[in-house]
file run_18.cif (mmCIF, C-alpha atoms (C1' of nucleotides))
data_my_file
#
loop_
_atom_site.label_atom_id
_atom_site.label_comp_id
_atom_site.auth_asym_id
_atom_site.auth_seq_id
_atom_site.Cartn_x
_atom_site.Cartn_y
_atom_site.Cartn_z
CA MET A 1 35.46 101.65 67.11
CA HIS A 2 35.15 98.59 65.02
CA PRO A 3 36.87 95.44 66.31
CA SER A 4 38.77 95.17 63.04
CA GLU A 5 40.44 98.50 63.59
CA THR A 6 41.25 98.43 67.27
CA SER A 7 44.96 97.96 66.67
CA SER A 8 47.51 100.73 66.31
CA ASP A 9 46.26 103.18 68.87
CA GLY A 10 49.22 105.48 68.74
CA SER A 11 52.52 103.66 69.03
CA GLY A 12 52.58 102.01 65.65
CA LEU A 13 54.33 103.12 62.52
CA HIS A 14 51.05 103.12 60.67
CA GLU A 15 49.62 105.64 63.07
CA ARG A 16 52.66 107.81 62.51
CA ILE A 17 52.16 107.65 58.78
CA TYR A 18 48.48 108.44 59.08
CA GLU A 19 49.38 111.51 61.07
CA ILE A 20 51.44 112.77 58.15
CA VAL A 21 48.85 111.92 55.53
CA ARG A 22 46.22 113.76 57.54
CA GLN A 23 48.25 116.93 56.98
CA ILE A 24 48.12 116.80 53.22
CA PRO A 25 45.99 119.75 52.09
CA GLU A 26 42.94 119.19 49.94
CA GLY A 27 43.69 119.39 46.26
CA ARG A 28 47.29 118.34 46.78
CA VAL A 29 49.11 115.04 46.59
CA ALA A 30 52.19 113.47 48.14
CA THR A 31 54.25 110.46 47.13
CA TYR A 32 54.83 107.32 49.18
CA GLY A 33 58.51 108.15 49.33
CA GLN A 34 57.83 111.59 50.73
CA ILE A 35 55.46 110.25 53.35
CA ALA A 36 58.05 107.70 54.38
CA ARG A 37 60.72 110.34 54.61
CA TRP A 38 58.65 112.68 56.74
CA ALA A 39 57.36 109.90 58.96
CA GLY A 40 60.93 108.95 59.80
CA ARG A 41 62.51 105.49 59.72
CA CYS A 42 60.11 104.39 57.11
CA THR A 43 60.44 103.25 53.53
CA ALA A 44 58.18 103.99 50.62
CA ARG A 45 56.94 100.48 50.78
CA MET A 46 56.06 100.81 54.41
CA ALA A 47 54.00 103.84 53.53
CA GLY A 48 52.24 101.83 50.88
CA TYR A 49 51.53 99.01 53.28
CA ALA A 50 50.23 101.47 55.80
CA MET A 51 47.87 102.89 53.20
CA ALA A 52 46.62 99.42 52.42
CA ALA A 53 45.77 99.05 56.09
CA VAL A 54 43.73 102.23 56.34
CA PRO A 55 40.25 101.37 57.68
CA PHE A 56 37.31 102.20 55.46
CA SER A 57 35.85 104.66 57.92
CA SER A 58 38.91 106.71 58.53
CA ASP A 59 39.67 110.40 58.47
CA VAL A 60 42.92 109.71 56.64
CA PRO A 61 42.86 111.19 53.10
CA TRP A 62 44.49 108.11 51.60
CA GLN A 63 43.58 109.25 48.10
CA ARG A 64 46.17 112.00 48.24
CA VAL A 65 49.02 109.55 48.37
CA ILE A 66 50.31 108.47 44.96
CA ASN A 67 53.53 107.04 43.58
CA SER A 68 56.67 108.89 42.53
CA LYS A 69 55.61 108.85 38.90
CA GLY A 70 52.71 111.07 39.74
CA GLU A 71 50.25 108.35 38.97
CA VAL A 72 47.66 106.59 41.06
CA SER A 73 48.98 103.17 41.98
CA THR A 74 46.94 100.18 40.90
CA ARG A 75 46.52 97.75 43.73
CA SER A 76 46.43 94.00 43.75
CA HIS A 77 42.82 93.57 44.64
CA GLY A 78 39.81 95.77 44.10
CA ASP A 79 39.20 98.86 42.02
CA GLY A 80 39.81 101.51 44.63
CA HIS A 81 42.31 103.24 42.39
CA VAL A 82 39.44 104.35 40.19
CA GLU A 83 37.72 105.90 43.17
CA GLN A 84 41.02 107.42 44.20
CA ARG A 85 41.38 109.29 40.95
CA ASP A 86 37.77 110.34 41.07
CA LEU A 87 38.17 111.77 44.55
CA LEU A 88 41.31 113.64 43.57
CA GLU A 89 39.69 115.16 40.53
CA ALA A 90 36.81 116.22 42.72
CA GLU A 91 39.36 118.11 44.81
CA GLY A 92 40.66 119.89 41.75
CA VAL A 93 43.65 117.71 40.96
CA VAL A 94 44.12 117.49 37.22
CA PHE A 95 45.32 114.35 35.46
CA ASN A 96 46.94 114.56 32.04
CA ALA A 97 46.17 112.37 29.06
CA ARG A 98 48.39 109.65 30.46
CA GLY A 99 46.60 109.69 33.78
CA ARG A 100 49.42 111.42 35.57
CA VAL A 101 49.53 114.35 37.95
CA ASP A 102 52.03 117.18 37.69
CA LEU A 103 53.82 116.81 41.01
CA GLY A 104 55.47 120.17 40.50
CA GLN A 105 52.08 121.79 40.62
CA TYR A 106 50.03 119.57 42.92
CA GLY A 107 52.80 118.00 44.97
CA TRP A 108 52.75 118.81 48.67
CA SER A 109 55.94 120.27 50.07
CA GLY A 110 55.55 118.45 53.35
CA PRO A 111 54.53 119.19 56.92
CA GLY A 112 55.60 122.39 58.58
CA ILE A 113 55.07 124.66 55.61
CA SER A 114 52.11 126.96 55.33
CA GLU A 115 49.80 127.15 52.37
CA GLN A 116 50.91 130.74 51.93
CA GLU A 117 54.54 129.77 51.59
CA MET A 118 53.65 126.91 49.34
CA ASN A 119 51.81 129.27 47.08
CA ASP A 120 54.77 131.63 47.11
CA LEU A 121 57.13 128.83 46.19
CA LEU A 122 54.95 127.89 43.28
CA TRP A 123 54.90 131.42 41.99
CA ARG A 124 58.58 132.06 42.32
CA GLY A 125 59.67 128.68 41.01
"C1'" DC B 1 56.43 81.78 68.12
"C1'" DT B 2 56.30 81.60 62.33
"C1'" DT B 3 54.33 82.77 57.88
"C1'" DT B 4 52.10 85.59 54.69
"C1'" DT B 5 51.23 89.78 52.48
"C1'" DG B 6 51.90 93.85 50.24
"C1'" DA B 7 48.74 101.46 47.44
"C1'" DC B 8 56.86 101.55 46.35
"C1'" DG B 9 61.39 103.50 44.55
"C1'" DC B 10 65.37 103.34 42.07
"C1'" DG B 11 69.19 101.71 39.45
"C1'" DT B 12 70.33 99.27 35.28
"C1'" DA B 13 69.98 97.40 30.60
"C1'" DC C 1 59.96 104.84 26.59
"C1'" DT C 2 59.66 99.45 28.76
"C1'" DA C 3 61.35 95.45 31.60
"C1'" DC C 4 63.45 93.47 35.41
"C1'" DG C 5 65.44 92.87 39.92
"C1'" DC C 6 66.33 93.99 44.61
"C1'" DG C 7 66.05 96.39 48.96
"C1'" DC C 8 62.96 97.13 52.94
"C1'" DC C 9 60.08 95.65 57.21
"C1'" DA C 10 55.50 96.30 59.86
"C1'" DA C 11 51.09 94.14 60.97
"C1'" DA C 12 47.72 90.60 60.91
"C1'" DA C 13 46.66 85.72 61.01
#

call {"tool": "encode", "arguments": {"input": "run_18.cif", "output": "structure tokens"}}
result
Amino acid sequence: MHPSETSSDGSGLHERIYEIVRQIPEGRVATYGQIARWAGRCTARMAGYAMAAVPFSSDVPWQRVINSKGEVSTRSHGDGHVEQRDLLEAEGVVFNARGRVDLGQYGWSGPGISEQEMNDLLWRG
DNA sequence: CTTTTGACGCGTA
DNA sequence: CTACGCGCCAAAA
């Protein structure tokens, strides 16, 4: 464990959020607001801040978290958002001409629901 | 202890 | 569609 990432070993809000993000299936995305809601006592902004604090070598699929508009959020410093989109496309997530994702199609329904049921929901509308 | 720093969301005009 | 403001609060320095 790197000294820079020794904090938050289980009792922090960030860790809670990471636990949720870890459950997002490959090829799917979730919004900051959804993450916050599922994490409990957390706001969308908190989720965003938590994502900003994700260590480089982490098993948290941070790329699957986007904003409510279905677009990859541009951050203040760095060009990670470019990599984020690239990683998502590599997972099969399709962006439209405006660089947005159809949340109705790729949006994750949240923890506790199986892929099978998710698929069923998509088919039945 | 205090201060700084943010990957957001939503209502309103 | 764009622009603007405000609410919200943890974690690191």

call {"tool": "resolve_selection", "arguments": {"input": "run_18.cif", "expression": "the PyMOL selection byres ((chain C and resi 5) around 12)", "output": "PyMOL selection string"}}
result
(chain B and resi 10-13) or (chain C and resi 3-4+6-7)

call {"tool": "closest_residue", "arguments": {"input": "run_18.cif", "among": "A:Ala44, A:Gly33, A:Arg16, A:Ile24", "to": "chain C", "atoms": "all atoms listed in the file"}}
result
A:Ala44

call {"tool": "resolve_selection", "arguments": {"input": "run_18.cif", "expression": "the PyMOL selection byres ((chain A) within 8 of (chain C))", "output": "JSON, numbers by chain"}}
result
{"A": [13, 43, 45, 46]}

call {"tool": "interface_residues", "arguments": {"input": "run_18.cif", "of": "chain B", "to": "chain A", "cutoff": "10 Å", "atoms": "only C-alpha atoms (C1' of nucleotides)", "output": "ChimeraX atom specification"}}
result
/B:5-9

call {"tool": "write_last_selection", "arguments": {"input": "run_18.cif", "atoms": "C-alpha atoms (C1' of nucleotides)", "output": "PDB file, in the frame of the given file"}}
result
ATOM      1  C1'  DT B   5      51.230  89.780  52.480  1.00  0.00           C
ATOM      2  C1'  DG B   6      51.900  93.850  50.240  1.00  0.00           C
ATOM      3  C1'  DA B   7      48.740 101.460  47.440  1.00  0.00           C
ATOM      4  C1'  DC B   8      56.860 101.550  46.350  1.00  0.00           C
ATOM      5  C1'  DG B   9      61.390 103.500  44.550  1.00  0.00           C
TER       6       DG B   9
END

call {"tool": "residues_around", "arguments": {"input": "run_18.cif", "residues": "A:Phe95", "least_positions_apart": "2", "cutoff": "12 Å", "atoms": "only C-alpha atoms (C1' of nucleotides)", "output": "VMD selection string"}}
result
chain A and resid 29 70 to 72 84 to 93 97 to 103 105 to 106

call {"tool": "write_last_selection", "arguments": {"input": "run_18.cif", "atoms": "C-alpha atoms", "output": "short mmCIF file (atom, residue, chain, number, x, y, z; two decimals), in the frame of the given file"}}
result
data_model
loop_
_atom_site.label_atom_id
_atom_site.label_comp_id
_atom_site.auth_asym_id
_atom_site.auth_seq_id
_atom_site.Cartn_x
_atom_site.Cartn_y
_atom_site.Cartn_z
CA VAL A 29 49.11 115.04 46.59
CA GLY A 70 52.71 111.07 39.74
CA GLU A 71 50.25 108.35 38.97
CA VAL A 72 47.66 106.59 41.06
CA GLN A 84 41.02 107.42 44.20
CA ARG A 85 41.38 109.29 40.95
CA ASP A 86 37.77 110.34 41.07
CA LEU A 87 38.17 111.77 44.55
CA LEU A 88 41.31 113.64 43.57
CA GLU A 89 39.69 115.16 40.53
CA ALA A 90 36.81 116.22 42.72
CA GLU A 91 39.36 118.11 44.81
CA GLY A 92 40.66 119.89 41.75
CA VAL A 93 43.65 117.71 40.96
CA ALA A 97 46.17 112.37 29.06
CA ARG A 98 48.39 109.65 30.46
CA GLY A 99 46.60 109.69 33.78
CA ARG A 100 49.42 111.42 35.57
CA VAL A 101 49.53 114.35 37.95
CA ASP A 102 52.03 117.18 37.69
CA LEU A 103 53.82 116.81 41.01
CA GLN A 105 52.08 121.79 40.62
CA TYR A 106 50.03 119.57 42.92
#
